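Notes to accompany the following structure.
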2 protein chains.
Amino acid sequence: MVRDKTAAETKKRTTAKSGAKASKKGVKHPADPRLEVLAAQRIAIEGVNVEIDGGRFPAKAVAGQPERIAADIFCDGHETIEAALLYRHGSEGAFIEVPMEHLGNDRWEAWVTFSEIGSHELTFIVWRNLFATWRKDVAKKYAAGRSVGLELEEARHMIEAAYGREGRANARDKTALRDVVKADREAQKVGIADGERLARLTSTEVAELMDRAGPRTNLTEYRTLPLFVDRRAAAFSAWYELMPRSQSGDVNRHGTFDDVIARLGYVRDLGFDVLYFPPIHPIGRTNRKGKNNSLTAEDGEPGSPYAIGAKEGGHDAIHPELGTFEDFHRLVQAAREHGLEIALDFAIQCSPDHPWIKEHPEWFDWRPDGSIKFAENPPKKYEDIVNVHFYRDAIPGLWYELRDIVLFWIKHGVTIFRVDNPHTKPFPFWEWMIADVQARHPEAIFLAEAFTRPKVMKRLAKVGFGQSYSYFTWRNEKTEIQEYMTELTQSECRHYMRPNFFANTPDINPLYLQTSGRAGFRVRLCLAATLAGNYGIYNGFEICEAEPVPGKEEYLNSEKYELREWDMDQPGNIQHDIRLMNRLRNTHPALQEFTNLAFHEVDNPYVLSYSKKTENLRDFILFHVNLDPHDTQGFHFEVPLWEFGLPDEASIEVRDLLHGNHFTWHGKTQWLDLEPATRPYAIWQLFAPGAPRA
Amino acid sequence: MVRDKTAAETKKRTTAKSGAKASKKGVKHPADPRLEVLAAQRIAIEGVNVEIDGGRFPAKAVAGQPERIAADIFCDGHETIEAALLYRHGSEGAFIEVPMEHLGNDRWEAWVTFSEIGSHELTFIVWRNLFATWRKDVAKKYAAGRSVGLELEEARHMIEAAYGREGRANARDKTALRDVVKADREAQKVGIADGERLARLTSTEVAELMDRAGPRTNLTEYRTLPLFVDRRAAAFSAWYELMPRSQSGDVNRHGTFDDVIARLGYVRDLGFDVLYFPPIHPIGRTNRKGKNNSLTAEDGEPGSPYAIGAKEGGHDAIHPELGTFEDFHRLVQAAREHGLEIALDFAIQCSPDHPWIKEHPEWFDWRPDGSIKFAENPPKKYEDIVNVHFYRDAIPGLWYELRDIVLFWIKHGVTIFRVDNPHTKPFPFWEWMIADVQARHPEAIFLAEAFTRPKVMKRLAKVGFGQSYSYFTWRNEKTEIQEYMTELTQSECRHYMRPNFFANTPDINPLYLQTSGRAGFRVRLCLAATLAGNYGIYNGFEICEAEPVPGKEEYLNSEKYELREWDMDQPGNIQHDIRLMNRLRNTHPALQEFTNLAFHEVDNPYVLSYSKKTENLRDFILFHVNLDPHDTQGFHFEVPLWEFGLPDEASIEVRDLLHGNHFTWHGKTQWLDLEPATRPYAIWQLFAPGAPRA
C-alpha cells in the first residue's frame with residue numbers, strides 16, 4: 001500500500017519477539033485512495049531550480065558542461081534522509097541515479113554532466129535511512145554512558161532484514177552482511193564488551209554495506225520534469241551576419257554564394273563560429289520596396305529579402321542570383337572547413353507572389369472584395385508582405401509545411417535558424433514545431449528575434465527557442481546594464497533563456513553607436529562578447545558604420561533594400577579588438593559560462609567593473625569598461641583579493657590580457673584611467689597564489 | 001479541433017465571397033494529438049500569484065474579504081485579448097466568471113470576495129476579441145485618412161456571425177445585432193458617408209453587444225487550481241492561553257471548567273477572541289514528571305498535561321479533576337456568550353498509560369525485549385512519553401482514529417485546534433487529515449506549533465494549517481523584524497501561511513522579556529498585536545511574569561508541571577495596553593489585514609517605524625516603537641505625507657490613538673522621544689485631507 005519496504009519485516013519482528021498483543025482489528029475503515037497517494041509521499045520535495053512553471057516547460061542544459069540541479073528536501077522528525085537525482089535521455093529506458101548532497105537549510109544538490117543532446121527526463125527519489133539514523137543516535141547514547149545492549153540487537157535485526165530482502169543487495173553484500181551478524185552474535189556469546197561490538201556495527205564498512213543494501217524506507221518520488229540538453233553552440237557562440245548579395249565587392253554586381261565563400265577566411269580569421277544570412281529565397285516583385293524602404297522599387301532594384309517568394313519559389317527555394325543548391329552545398333561545406341556554421345533566417349512571411357497564396361489560400365486572410373489582406377500595423381501597412389494566419393484551416397497543413405521547411409534546410413546542412421519576429425506567430429506553433437524538429441535533430445538551434453515585451457521574450461524561450469535576442473542593444477548605462485545582467489544571470493530565467501547579445505543588426509543602428517565613434521564600438525563589442533555566452537555583430541560594425549536614417553535607429557542605405565560593397569580593412573577598423581575578444585572567449589573557460597558574472601563597485605558612474613571566474617578560481621578575469629566614449633574616466637577600484645582568500649594588503653599576480661604583460665598589484669585599492677581613444681576597456685587575468693601562469 | 005469558434009463561419013465566408021481557390025488538399029498529415037493540445041492553448045497564462053508549487057497546494061483566502069488574483073496573460077500579435085477568472089465552491093457545479101483587468105506589462109488581475117468557506121477551484125479563461133481589434137484598428141486607419149469601406153463590410157460579417165451563433169447571444173442581443181447590420185446596409189444603400197457608418201459600428205453600444213455575444217476566439221483555459229477559503233478567525237484573531245487547572249485561585253485546589261467560566265469575563269474584557277487550553281485529557285501516572293520538569297513526581301503532583309492518557313481514557317476523554325463533558329459543554333456555551341471561542345491542544349503523544357498502547361500495539365515501536373520505545377532525542381530521553389509511528393501497520397487505522405478525535409471535539413463545540421509539534425509527524429498525515437476534516441467542517445482551523453526550520457514551517461502551512469507559530473518570538477531587533485516581516489508579507493508564502501504572533505508561551509519565556517521589565521512587555525505586545533493578523537499571549541504576560549529557569553528560555557515553576565495561582569490585577573500589570581491593542585484591532589480595518597504593512601526610515605536603530613493602511617486610505621495608522629526597553633530614544637521621522645499626495649510642507653490632521661487627542665502636524669520632518677517607562681510606543685491615525693475624523 002505504501003512504499004515502506006520494511007513494513008512486512010518489522011511487523012513480523014514486532015509480533016514475534018515483543019510479545020505485544022495483536023492489533024485490535026475491530027474497526028473497518030473505508031478505502032481512501034487519497035490517503036494512500038499522500039502517504040506514499042512522506043518526504044517533501046520542492047523548490048526545484050530547474051522546474052519551469054511547475055514542469056510545464058523544459059529547463060535547458062548543455063552537453064559536456066556540469067549542471068547543478070537542486071531541490072529542497074526534508075522530512076518530519078530527525079531521521080537521516082538521503083536523496084538521489086534520476087535522469088534519462090528520452091522518455092524510455094532506465095534512469096541514471098546520482099546521489100545528492102545536503103548543503104544545509106534543507107537544500108540538496110547534484111551535479112550532472114549530460115553526455116547526450118536532446119530531450120531528457122529527470123526526477124528525484126528520497127528515502128529515510130533507518131540504519132544511518134540508528135548509527136547516529138547510538139553513538140550519542142553510548143557517549144552519554146547509556147547502555148546500548150538493546151540497540152545492538154536492533155541493529156542486528158536491521159542487518160538481517162537487509163540481507164533477507166530481495167533486490168537491492170547483491171550476493172557479495174549479502175554474504176558480508178550475514179558475516180557481520182554472525183560475528184556480532186559470536187561476540188555477544190563470548191561476552192565481548194558492548195563498546196567493542198558497537199565499534200564494529202557502527203564501522204564505515206557496515207554503514208556503506210547498509211547504504212547499498214538496506215531498505216529505502218518511505219521512498220518518495222517526485223514528478224518527472226522535462227529538460228532539454230543542447231549542444232554547446234546553443235550557449236556559447238560568436239555570430240557574424242552578412243548579406244550574401246553584398247559580397248561581390250562591387251555594388252553593381254549581385255553577390256553569390258561563391259562570393260561568400262571568398263569571404264569565409266576573413267570571417268574565420270576574426271574568430272567567429274557562426275555565419276548568419278538574412279533570407280536567401282526568391283524575392284517578390286509585387287509592391288517591391290526600393291532603396292531606403294521607399295514604397296516603390298526602381299527597375300533593377302533587388303527588393304527586401306524579407307519579401308519572400310516569387311515565381312521561382314518560396315521558402316524552400318534559393319534566390320537565383322545567389323546561386324544554385326549546388327553552390328549552397330559548396331558554401332556549407334567550405335564554411336565547415338573554416339570551422340564556421342551557416343545560420344539561416346526563418347521568416348514566416350510572404351511576398352504577394354509567394355506560391356503558397358495560390359496553393360493554399362486557406363492559410364491567408366481574404367477581404368470581402370476577394371483581395372488578400374496585407375500585413376499592417378494600423379495605420380501603417382506593408383504592401384510587399386502578406387502573413388499566414390496559423391489557425392482555422394491553416395491547422396495542421398501550414399504547421400506541417402513550416403516544420404517541413406526547417407527539416408528541408410537541415411537536410412541541406414543548416415542546423416541553426418535565426419527566427420524572424422516569432423512573437424507575431426502563435427506560441428503553440430513554436431512549441432510544437434521546435435519539439436518536433438528537435439526530436440529528429442536535437443542539434444537544431446533556434447534563435448528568437450523577438451524585440452518585444454519581457455514576458456513574451458521569456459515565453460518564447462520557454463516554448464523552445466535555444467537563444468534569444470535581448471534588450472542588450474539598448475542597455476548602455478551602468479545601472480541598467482547591471483540590473484539587466486542580474487536578471488538574466490540570477491533570476492529563474494537563467495534556466496531556460498540564453499541571450500544572444502547582438503551589438504547591431506540590419507534593423508538596429510543603435511543611437512549610442514551613432515554618436516560614440518570608434519571608442520563606442522570597442523566598448524559595445526567588449527560588453528557583448530564578455531557579458532554573454534552568445535553574441536554577434538552585423539557586418540559594418542568592424543568599420544564603425546553608423547550612418548542613420550536621420551532621427552531613426554536605422555541604417556542609411558540599408559542593404560535590406562539595396563546592394564552594398566564593403567571595405568572592411570579601411571582605416572579605423574576594429575578587427576584587432578574583435579580578434580582579441582574571440583580569442584579570449586575561446587581560450588578562457590571563465591568566459592564560456594554565462595551565470596558566473598559578478599559586478600564590483602567603483603567610484604565612477606561611467607565605469608562598469610565586473611569579473612568572471614571558474615568555480616575552481618583557475619580562471620579569473622577582471623574587466624573595467626569606460627562606458628563614456630568621449631571622455632577619460634578615472635576611478636578607484638578594488639582588486640577582489642577576498643575572492644582568493646587574501647587580506648587587503650596582499651599582492652597578487654596579474655596579466656594584462658590586452659598586451660600580454662605580467663605585473664603585480666600590491667594592496668586592494670588601485671587607481672585606473674580609461675581613455676576612450678586608446679584604452680576604452682581593461683581586461684586582466686588574476687592568478688591565485690601559487691597557481692600556474694599559463 | 002481547436003477552440004476557434006469562428007473557424008466555420010470564416011471558412012464559409014472566405015470560400016463563398018472571396019473567390020479564393022479551394023484548399024489544395026493533396027498532402028495528408030498524420031494526426032498529431034500534441035499539435036492539437038498545444039494549438040488549443042494559444043494565449044499564454046502564467047505567473048499566477050495564488051498558484052502554490054504548480055497547483056500542488058491550495059492558496060488561502062478569507063471569506064468576506066476582497067482577494068486579488070493575478071496572472072500574466074498575453075498572446076502573439078497585437079489583437080485585443082480579454083480574460084476572466086473562473087471560480088467555484090467545491091469541485092462541482094458552475095463556475096462564476098469575473099472579468100479581469102489589464103494592469104500593464106501583461107499583468108492582469110481580478111478581485112473576488114468569496115462568500116462561502118471551504119475548498120474552491122479557480123482557473124482563467126482568455127480569448128481574442130476580434131471585433132474589439134477591428135474597432136481599435138479601424139479608428140486608426142480612418143484617422144489616417146484611409147478608406148474604410150471594406151473594413152465596414154468586415155465588421156458587418158463579424159456581427160452577422162455573432163448573431164448567427166448558437167449559445168452566447170441571448171434573443172434580445174441577437175435582435176439588436178441584427179438591427180445594427182440592417183441599419184448599416186440601409187445606410188450604405190442610401191449613400192451615407194463611411195464616417196457616419198463607422199461612428200455607428202464603432203459605438204460603445206455595439207462594442208458591448210459584441211463583447212457579450214461575439215465569439216471568444218482561441219479561447220484558452222488554464223489548469224484548475226485549488227484555493228481554500230477560511231472563515232475570518234483564521235486570519236484575524238487574538239488568543240489568550242491559560243491552564244484550566246490553575247484557575248481556582250488557590251494553588252492547593254485543582255482548577256475546574258467552572259473556575260474557567262468564572263475567568264471568562266476577565267479574558268473577554270481584555271478583548272480576546274480565542275481562549276486556548278493546553279491538553280485537558282487524563283494525565284499518565286507512569287514516569288510522571290514533577291515540578292520544574294524533574295524526572296519523578298512526588299505524590300499528588302499533577303504531571304504534565306502533555307503526557308496524555310491514563311486508565312480514565314485518552315484523547316477523547318477529559319481529565320476528571322477538570323470536570324465532566326457536561327461541565328465542558330457549559331464552558332463552551334459560556335465562552336460563546338462572552339464572544340469567545342475555545343481552542344484545544346491536539347498533541348499526538350501518549351503517556352505509557354494511554355489506552356491505545358494495549359488496544360493498538362501496532363501503532364507503537366517495540367524493542368527486542370518486549371518493552372515499548374519511549375520518546376527520545378538522543379542522548380535525551382522522555383520516559384513519560386511514547387510516540388505513535390504513523391506508518392507500517394498504523395496506516396490507515398491510526399490516521400482514521402486521529403481524524404475521528406478531531407471530529408469528536410468538533411462535535412463537542414471546538415473548531416480551533418492548536419497542534420503540538422506537527423513537524424515531528426508526517427506531512428501527508430496532516431494534508432489528508434485536515435482536508436478530510438475541513439470537507440465536513442470548513443470552519444475548522446488548525447494552528448501549527450512548529451518552531452522548526454523555515455521550509456518545514458512553510459510546508460506545514462501548505463499542507464493545510466490555517467495558522468502558524470512563527471519566529472516572531474525571537475525577532476527583537478529592528479533589522480531582523482523588518483526582514484522577517486517583509487518575507488512574511490511580501491514573498492510568495494503570504495498566499496498560504498498566516499503567522500500567529502505569540503509573545504510568549506508556556507514553553508518560551510523569551511530572553512528579551514527576562515530582562516526588559518514592564519516596558520519590554522508593552523513593546524512586544526504592541527508588535528505582536530499590530531504586525532500580525534493573529535496574535536496571542538500566555539497568561540502571566542499581563543503581569544510581566546518572566547522568572548526563568550536560570551540560563552534557559554523556560555519559566556521557573558512552570559504550570560506545565562504544577563498548579564499555580566495568579567493575581568492578574570497586581571500592580572504593574574499591562575491590562576490597559578492589552579485592552580487598547582485589542583480595541584484598536586477591532587475598530588481599525590487597517591489592522592485587520594496582514595500584507596498591508598510598510599516600514600519607514602527613522603534615524604535611530606532602536607526605533608521601528610511602520611504603518612498600516614486600507615487601500616482607500618480611509619484608515620491609516622502610523623506606529624513608532626522604541627525597541628530599547630531601558631533608555632529613551634529620540635529620532636527624526638517623516639510624516640508619510642506622500643501617501644496622501646501631499647507636498648513636504650503640507651499639514652495633516654492626526655489623532656493620538658493612545659490618548660484620543662487630535663492635533664496637526666506641519667511639514668514632513670518631525671521629532672519624537674520615546675521614553676520606555678511612560679511611552680514605549682506611539683500610535684497615530686492620519687487623516688486624508690477632507691476625510692471625516694470619526
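Ordering of the C-alpha cells sets the chain letters (A, B, ...); residue numbers start at 1 within each chain; ligands are numbered from 1 in the order shown.
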(message) Set the distance at 9 Å and use only C-alpha atoms: which residues neighbour stretch 220-232 of chain A once local chain neighbours fewer than 5 positions away are removed? I'd like the list as number ranges by chain.
(response) A: 3, 40-46, 50-52, 54-65, 114-127, 237, 442-445, 464, 466
(message) Env of A:Glu151: 12 Å cut, atoms = only C-alpha atoms, seq-sep filter 4 positions within chain, self excluded. Answer as a ChimeraX atom specification.
(response) /A:131,133-142,146-147,155-158,194-195,197-198,201-202 /B:366-369,373
(message) as a list in words, please: the residues near B:Met100 (cut-off 7 Å, only C-alpha atoms, same-chain neighbours under 2 positions excluded).
(response) Ala83, Ala84, Leu85, Val98, His102, Trp108, Glu109 and Ala110 of chain B
Export of the given selection (all heavy atoms) as a JSON list (two decimals), in the first residue's frame:
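Resulting contents of result34.json:
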```
[["chain", "number", "residue", "atom", "x", "y", "z"],
["B", 83, "ALA", "N", -9.80, 38.55, -20.62],
["B", 83, "ALA", "CA", -9.54, 37.46, -19.68],
["B", 83, "ALA", "C", -10.58, 37.48, -18.57],
["B", 83, "ALA", "O", -11.13, 38.53, -18.24],
["B", 83, "ALA", "CB", -8.15, 37.61, -19.08],
["B", 84, "ALA", "N", -10.86, 36.32, -18.05],
["B", 84, "ALA", "CA", -11.78, 36.21, -16.92],
["B", 84, "ALA", "C", -11.25, 35.18, -15.94],
["B", 84, "ALA", "O", -10.65, 34.17, -16.34],
["B", 84, "ALA", "CB", -13.18, 35.83, -17.38],
["B", 85, "LEU", "N", -11.46, 35.46, -14.67],
["B", 85, "LEU", "CA", -11.22, 34.47, -13.63],
["B", 85, "LEU", "C", -12.49, 33.65, -13.46],
["B", 85, "LEU", "O", -13.60, 34.19, -13.48],
["B", 85, "LEU", "CB", -10.93, 35.20, -12.32],
["B", 85, "LEU", "CG", -10.98, 34.36, -11.03],
["B", 85, "LEU", "CD1", -9.77, 33.44, -10.94],
["B", 85, "LEU", "CD2", -11.05, 35.27, -9.82],
["B", 98, "VAL", "N", -15.49, 36.20, -13.49],
["B", 98, "VAL", "CA", -15.16, 37.57, -13.08],
["B", 98, "VAL", "C", -14.21, 38.18, -14.12],
["B", 98, "VAL", "O", -13.13, 37.64, -14.34],
["B", 98, "VAL", "CB", -14.47, 37.59, -11.70],
["B", 98, "VAL", "CG1", -14.24, 39.02, -11.23],
["B", 98, "VAL", "CG2", -15.27, 36.80, -10.68],
["B", 102, "HIS", "N", -6.47, 44.49, -17.26],
["B", 102, "HIS", "CA", -5.06, 44.54, -17.61],
["B", 102, "HIS", "C", -4.40, 45.71, -16.89],
["B", 102, "HIS", "O", -4.80, 46.85, -17.05],
["B", 102, "HIS", "CB", -4.90, 44.68, -19.13],
["B", 102, "HIS", "CG", -3.46, 44.64, -19.56],
["B", 102, "HIS", "ND1", -2.99, 45.27, -20.69],
["B", 102, "HIS", "CD2", -2.40, 44.03, -19.00],
["B", 102, "HIS", "CE1", -1.69, 45.05, -20.81],
["B", 102, "HIS", "NE2", -1.31, 44.29, -19.80],
["B", 108, "TRP", "N", -2.50, 40.90, -15.34],
["B", 108, "TRP", "CA", -3.94, 41.05, -15.23],
["B", 108, "TRP", "C", -4.38, 40.68, -13.83],
["B", 108, "TRP", "O", -3.77, 39.85, -13.18],
["B", 108, "TRP", "CB", -4.65, 40.12, -16.23],
["B", 108, "TRP", "CG", -4.42, 40.45, -17.67],
["B", 108, "TRP", "CD1", -3.23, 40.41, -18.35],
["B", 108, "TRP", "CD2", -5.40, 40.86, -18.62],
["B", 108, "TRP", "NE1", -3.42, 40.78, -19.66],
["B", 108, "TRP", "CE2", -4.74, 41.05, -19.86],
["B", 108, "TRP", "CE3", -6.78, 41.10, -18.56],
["B", 108, "TRP", "CZ2", -5.42, 41.46, -21.02],
["B", 108, "TRP", "CZ3", -7.44, 41.49, -19.71],
["B", 108, "TRP", "CH2", -6.77, 41.68, -20.92],
["B", 109, "GLU", "N", -5.49, 41.29, -13.39],
["B", 109, "GLU", "CA", -5.97, 40.95, -12.06],
["B", 109, "GLU", "C", -7.50, 40.95, -12.01],
["B", 109, "GLU", "O", -8.17, 41.58, -12.82],
["B", 109, "GLU", "CB", -5.44, 41.92, -10.99],
["B", 109, "GLU", "CG", -6.06, 43.31, -11.09],
["B", 109, "GLU", "CD", -5.75, 44.22, -9.91],
["B", 109, "GLU", "OE1", -4.76, 43.99, -9.21],
["B", 109, "GLU", "OE2", -6.52, 45.19, -9.71],
["B", 110, "ALA", "N", -8.00, 40.21, -11.03],
["B", 110, "ALA", "CA", -9.43, 40.25, -10.70],
["B", 110, "ALA", "C", -9.52, 40.31, -9.19],
["B", 110, "ALA", "O", -8.66, 39.77, -8.49],
["B", 110, "ALA", "CB", -10.15, 39.02, -11.22]]
```
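Atom pair atom CA of B:His389 / atom CA of B:Trp363 has a distance of 5.9 Å (rounded to one decimal).
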(message) Set the distance at 12 Å and use only C-alpha atoms: which residues neighbour A:Tyr266 once local chain neighbours fewer than 4 positions away are removed? I'd like the list as JSON, numbers by chain.
(response) {"A": [240, 247, 260, 261, 262, 270, 271, 272, 275, 335, 338, 340, 539, 542, 567, 568, 569, 575, 578, 579]}
(request) Give me the residues within 10 Å of A:Val523 as a VMD selection string, counting only C-alpha atoms and dropping any in the same chain fewer than 5 places off. (result) chain A and resid 476 513 516 518 528 577 625 to 629 676 679 to 681
(request) Could you list the residues in chain A lying within 6 Å of chain B, using only C-alpha atoms, and format the result as a ChimeraX atom specification? (result) /A:7,18-19,23-24,35,38-39,42,54,76-77,137,140-141,359-360,362,368,370,378-379,392,423-426,428,432
Would you mind exporting the chosen residues as a CSV table (one decimal), in the first residue's frame, restricted to N, CA, C and O atoms?
```csv
chain,number,residue,atom,x,y,z
A,7,ALA,N,7.9,-2.6,6.1
A,7,ALA,CA,6.7,-2.9,6.9
A,7,ALA,C,6.5,-4.3,7.2
A,7,ALA,O,6.4,-4.7,8.4
A,18,SER,N,8.2,-9.2,20.5
A,18,SER,CA,7.9,-8.3,21.6
A,18,SER,C,6.9,-8.8,22.5
A,18,SER,O,6.8,-8.2,23.6
A,19,GLY,N,6.1,-9.7,22.1
A,19,GLY,CA,5.1,-10.2,23.0
A,19,GLY,C,3.9,-9.2,23.0
A,19,GLY,O,3.0,-9.4,23.8
A,23,SER,N,-3.1,-6.7,16.9
A,23,SER,CA,-3.9,-5.5,16.7
A,23,SER,C,-5.3,-5.8,16.9
A,23,SER,O,-5.9,-6.8,16.5
A,24,LYS,N,-6.0,-4.8,17.5
A,24,LYS,CA,-7.4,-4.9,17.7
A,24,LYS,C,-8.1,-4.5,16.4
A,24,LYS,O,-8.1,-3.4,16.0
A,35,LEU,N,-5.7,9.1,0.8
A,35,LEU,CA,-4.8,8.8,2.0
A,35,LEU,C,-3.6,8.0,1.5
A,35,LEU,O,-2.4,8.3,1.8
A,38,LEU,N,-1.2,10.2,-0.7
A,38,LEU,CA,-0.5,11.1,0.1
A,38,LEU,C,0.5,10.4,1.0
A,38,LEU,O,1.7,10.9,1.1
A,39,ALA,N,0.2,9.3,1.6
A,39,ALA,CA,1.1,8.6,2.5
A,39,ALA,C,2.3,8.2,1.7
A,39,ALA,O,3.4,8.1,2.3
A,42,ARG,N,5.9,10.8,1.8
A,42,ARG,CA,6.2,11.2,3.1
A,42,ARG,C,7.2,12.4,3.2
A,42,ARG,O,7.1,13.3,4.0
A,54,GLY,N,6.1,24.8,-13.0
A,54,GLY,CA,5.6,23.5,-12.5
A,54,GLY,C,5.8,22.4,-13.4
A,54,GLY,O,5.1,21.4,-13.4
A,76,ASP,N,9.6,14.9,8.1
A,76,ASP,CA,9.3,15.1,9.5
A,76,ASP,C,10.3,14.4,10.3
A,76,ASP,O,11.0,13.4,9.9
A,77,GLY,N,10.4,14.8,11.6
A,77,GLY,CA,11.3,14.1,12.5
A,77,GLY,C,12.8,14.3,12.3
A,77,GLY,O,13.1,15.2,11.6
A,137,ASP,N,22.3,7.9,16.3
A,137,ASP,CA,21.7,8.0,17.7
A,137,ASP,C,22.5,7.2,18.7
A,137,ASP,O,22.7,7.6,19.8
A,140,LYS,N,25.6,8.7,20.2
A,140,LYS,CA,25.3,9.8,21.2
A,140,LYS,C,24.9,9.1,22.5
A,140,LYS,O,25.3,9.5,23.6
A,141,LYS,N,24.1,8.0,22.4
A,141,LYS,CA,23.7,7.4,23.7
A,141,LYS,C,24.9,6.8,24.4
A,141,LYS,O,25.1,6.9,25.6
A,359,GLU,N,-1.6,28.1,-53.9
A,359,GLU,CA,-1.7,26.7,-53.5
A,359,GLU,C,-2.5,26.5,-52.2
A,359,GLU,O,-3.1,25.5,-52.0
A,360,HIS,N,-2.4,27.5,-51.3
A,360,HIS,CA,-3.0,27.3,-50.0
A,360,HIS,C,-3.7,28.6,-49.6
A,360,HIS,O,-3.4,29.3,-48.6
A,362,GLU,N,-6.2,29.0,-48.1
A,362,GLU,CA,-6.8,28.8,-46.7
A,362,GLU,C,-5.8,29.2,-45.6
A,362,GLU,O,-6.2,29.3,-44.4
A,368,PRO,N,-13.4,41.1,-48.1
A,368,PRO,CA,-14.7,40.9,-48.8
A,368,PRO,C,-14.7,41.1,-50.3
A,368,PRO,O,-15.5,40.5,-51.0
A,370,GLY,N,-12.4,40.0,-52.2
A,370,GLY,CA,-11.6,39.0,-52.9
A,370,GLY,C,-10.1,39.2,-52.9
A,370,GLY,O,-9.3,38.4,-53.3
A,378,PRO,N,-1.9,49.1,-38.0
A,378,PRO,CA,-2.6,50.3,-38.3
A,378,PRO,C,-2.1,51.5,-37.6
A,378,PRO,O,-1.8,51.4,-36.4
A,379,PRO,N,-2.0,52.7,-38.2
A,379,PRO,CA,-2.3,52.9,-39.6
A,379,PRO,C,-1.3,52.5,-40.7
A,379,PRO,O,-1.5,52.6,-41.8
A,392,ARG,N,-7.6,28.3,-37.8
A,392,ARG,CA,-8.7,27.9,-38.7
A,392,ARG,C,-8.2,26.8,-39.7
A,392,ARG,O,-7.7,25.8,-39.3
A,423,HIS,N,7.4,36.4,-32.1
A,423,HIS,CA,6.3,36.9,-31.2
A,423,HIS,C,5.1,37.3,-31.9
A,423,HIS,O,4.0,37.5,-31.3
A,424,THR,N,5.1,37.3,-33.3
A,424,THR,CA,3.9,37.6,-34.0
A,424,THR,C,3.3,36.3,-34.5
A,424,THR,O,2.3,36.4,-35.3
A,425,LYS,N,3.8,35.2,-34.2
A,425,LYS,CA,3.3,33.9,-34.5
A,425,LYS,C,2.9,33.2,-33.2
A,425,LYS,O,3.5,33.4,-32.2
A,426,PRO,N,1.9,32.3,-33.3
A,426,PRO,CA,1.4,31.7,-32.0
A,426,PRO,C,2.5,30.9,-31.3
A,426,PRO,O,3.3,30.1,-31.9
A,428,PRO,N,2.0,28.3,-29.4
A,428,PRO,CA,1.9,26.8,-29.6
A,428,PRO,C,2.6,26.3,-30.9
A,428,PRO,O,3.1,25.2,-30.9
A,432,TRP,N,5.3,23.3,-30.6
A,432,TRP,CA,5.1,22.0,-31.4
A,432,TRP,C,6.3,21.8,-32.4
A,432,TRP,O,6.9,20.8,-32.4
```
(request) Find the residues near A:Asp603: any atom within 9 Å, counting only C-alpha atoms, skip ones fewer than 4 places away on the same chain, and give them as a PyMOL selection string. (result) chain A and resi 607+634-637
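The residue set within 8 Å of B:Ile683, counting only C-alpha atoms and dropping same-chain residues fewer than 6 places from it, reads B:Ile621, B:Leu622, B:Phe623, B:His624, B:Asp656, B:Leu657, B:Leu658.
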Include all heavy atoms and write out the residues we just selected as a compact mmCIF listing (two decimals), in the first residue's frame.
```
# COMPACT_ATOMS: atom_id res chain seq x y z
N ILE B 621 -2.73 54.14 9.84
CA ILE B 621 -2.18 54.15 11.20
C ILE B 621 -0.66 54.11 11.12
O ILE B 621 -0.08 53.29 10.42
CB ILE B 621 -2.66 52.92 12.01
CG1 ILE B 621 -4.15 52.64 11.77
CG2 ILE B 621 -2.37 53.12 13.49
CD1 ILE B 621 -5.09 53.57 12.42
N LEU B 622 -0.06 55.04 11.88
CA LEU B 622 1.40 55.14 11.90
C LEU B 622 1.91 54.75 13.29
O LEU B 622 1.39 55.23 14.30
CB LEU B 622 1.80 56.58 11.57
CG LEU B 622 3.29 56.92 11.51
CD1 LEU B 622 4.01 56.15 10.42
CD2 LEU B 622 3.45 58.44 11.32
N PHE B 623 2.91 53.86 13.31
CA PHE B 623 3.45 53.35 14.57
C PHE B 623 4.91 53.73 14.73
O PHE B 623 5.67 53.64 13.75
CB PHE B 623 3.39 51.81 14.61
CG PHE B 623 2.02 51.23 14.50
CD1 PHE B 623 1.42 51.05 13.26
CD2 PHE B 623 1.32 50.84 15.63
CE1 PHE B 623 0.16 50.50 13.15
CE2 PHE B 623 0.06 50.29 15.53
CZ PHE B 623 -0.53 50.12 14.28
N HIS B 624 5.29 54.08 15.95
CA HIS B 624 6.71 54.16 16.29
C HIS B 624 6.90 53.41 17.59
O HIS B 624 6.20 53.69 18.58
CB HIS B 624 7.17 55.62 16.43
CG HIS B 624 7.27 56.30 15.11
ND1 HIS B 624 6.24 57.03 14.57
CD2 HIS B 624 8.26 56.31 14.18
CE1 HIS B 624 6.60 57.49 13.38
NE2 HIS B 624 7.82 57.06 13.11
N ASP B 656 -3.97 60.97 18.18
CA ASP B 656 -3.14 60.11 19.01
C ASP B 656 -4.04 59.00 19.53
O ASP B 656 -4.97 59.24 20.29
CB ASP B 656 -2.55 60.92 20.17
CG ASP B 656 -1.62 60.08 21.03
OD1 ASP B 656 -1.87 58.85 21.15
OD2 ASP B 656 -0.68 60.65 21.59
N LEU B 657 -3.79 57.77 19.10
CA LEU B 657 -4.70 56.69 19.45
C LEU B 657 -4.49 56.16 20.86
O LEU B 657 -5.27 55.37 21.35
CB LEU B 657 -4.58 55.54 18.43
CG LEU B 657 -5.08 55.90 17.02
CD1 LEU B 657 -4.93 54.71 16.08
CD2 LEU B 657 -6.54 56.36 17.05
N LEU B 658 -3.44 56.65 21.54
CA LEU B 658 -3.26 56.26 22.94
C LEU B 658 -4.09 57.17 23.85
O LEU B 658 -4.64 56.71 24.85
CB LEU B 658 -1.79 56.36 23.35
CG LEU B 658 -0.97 55.10 23.09
CD1 LEU B 658 -0.95 54.73 21.63
CD2 LEU B 658 0.44 55.27 23.64
```
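Across the structure, atom CA of A:Asp273 and atom CA of A:Trp239 are spaced 6.2 Å apart.
Within stretch 389-443 of chain A, the backbone-based DSSP assignment of strand (DSSP E) covers A:Ile416, A:Phe417, A:Arg418, A:Val419, A:Asp420.
Across the model, the gap from atom CA of A:Ala691 to atom CA of A:His666 is 17.3 Å.
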